Amino acid sequence: GVFLNGKLIEDWQSASIPLNNTETLNFNLLSSDILPSKNAVFFRGNFASNKPSDTFLNVDNWSKGVAFINGFNLGRYWPAKGPQKTLYVPANILKPSPSMNELILFEVDSAPCQPPYSNCYASFVDTPNIGLKNGVFNNI
């Protein structure tokens, strides 16, 4: 059985989320104004890239989830457990301006911002943060 806070949960169902094709996600069904900040939430944003080059998505301020750019699965992130705090973004998945790139974060734990989520952001950095400090991995 499944337990929540020590109590047996009955008559419940699980459902899969089609993360193999982010184009099938219906963001119109989600109203970020009513979703609590501690639920799993999809975040979507667009950005321009003047001259696409290899870069790293910095997810250090996010909790735990999966990142996609233009439908390409960058991978899972969990900065608190690490060791990596950045995800590699190859230049060939980025579209040059004036086309826009789409970033989707599926945050499963707790977003770094509160509803209505207008102050959420992610950043790109030039160098990876793989959790090394003085040549030793942190958080493992």
# chains A, B, ... in the order shown; residues from 1 in each chain; ligands from 1
>>> select_by_dssp(residues="region 15-85 of chain A", states="strand (DSSP E)", output="list in words")
Val41, Phe42, Phe43, Arg44, Gly45, Asn46, Phe47, Ala48, Thr55, Phe56, Leu57, Asn58, Gly65, Val66, Ala67, Phe68, Ile69, Phe72, Asn73, Leu74, Gly75, Arg76 and Tyr77 of chain A
>>> closest_atom_pairs(of="region 101-128 of chain A", to="region 68-80 of chain A", cutoff="10 Å", atoms="only C-alpha atoms", output="tab-separated table")
residue	atom	partner	partner_atom	distance
A:Asn101	CA	A:Asn70	CA	6.0
A:Glu102	CA	A:Asn70	CA	5.1
A:Leu103	CA	A:Ile69	CA	4.6
A:Ile104	CA	A:Phe68	CA	5.1
A:Leu105	CA	A:Phe68	CA	6.4
A:Phe106	CA	A:Phe68	CA	8.5
A:Glu107	CA	A:Tyr77	CA	9.3
A:Asp109	CA	A:Trp78	CA	9.6
>>> write_last_selection(atoms="C-alpha atoms", output="compact mmCIF listing (two decimals), in the first residue's frame")
# COMPACT_ATOMS: atom_id res chain seq x y z
CA ASN A 101 14.49 29.64 -27.54
CA GLU A 102 12.18 27.94 -25.06
CA LEU A 103 13.28 26.86 -21.58
CA ILE A 104 11.02 24.49 -19.63
CA LEU A 105 11.75 23.58 -16.03
CA PHE A 106 9.71 20.86 -14.38
CA GLU A 107 10.20 21.72 -10.71
CA ASP A 109 9.92 20.06 -5.13
>>> atom_distance(atom1="CA of Ala48 (chain A)", atom2="CA of Val66 (chain A)")
21.0 Å
>>> closest_residue(among="A:Cys113, A:Ala40, A:Val2, A:Leu57", to="Thr86 (chain A)", atoms="only C-alpha atoms")
A:Leu57
>>> residues_around(residues="Asp54 (chain A)", least_positions_apart="4", cutoff="6 Å", atoms="only C-alpha atoms", output="mmCIF file with N, CA and C atoms, in the first residue's frame")
data_model
loop_
_atom_site.group_PDB
_atom_site.id
_atom_site.type_symbol
_atom_site.label_atom_id
_atom_site.label_comp_id
_atom_site.auth_asym_id
_atom_site.auth_seq_id
_atom_site.Cartn_x
_atom_site.Cartn_y
_atom_site.Cartn_z
ATOM 1 N N VAL A 89 24.585 22.955 -21.907
ATOM 2 C CA VAL A 89 23.696 23.310 -23.016
ATOM 3 C C VAL A 89 24.550 23.398 -24.279
ATOM 4 N N PRO A 90 24.458 22.389 -25.161
ATOM 5 C CA PRO A 90 25.245 22.449 -26.394
ATOM 6 C C PRO A 90 24.724 23.531 -27.340
ATOM 7 N N ALA A 91 25.650 24.175 -28.038
ATOM 8 C CA ALA A 91 25.295 25.289 -28.931
ATOM 9 C C ALA A 91 24.294 24.876 -30.002
#
>>> select_by_dssp(residues="chain A", states="helix (DSSP H, G or I)", output="list in words")
Thr22, Glu23, Thr24, Phe27, Asn28, Leu29, Ala91, Asn92 and Ile93 of chain A
>>> atom_distance(atom1="CA of Ser53 (chain A)", atom2="CA of Asn129 (chain A)")
17.4 Å
>>> residues_around(residues="Ser99 (chain A)", least_positions_apart="6", cutoff="12 Å", atoms="only C-alpha atoms", output="list in words")
Asn46, Phe47, Ala48, Ser49, Asn50, Lys51, Pro52 and Asn70 of chain A
>>> closest_residue(among="A:Pro83, A:Pro112, A:Pro98, A:Pro18", to="Trp62 (chain A)", atoms="only C-alpha atoms")
A:Pro112
>>> atom_distance(atom1="CA of Phe56 (chain A)", atom2="CA of Phe43 (chain A)")
18.1 Å
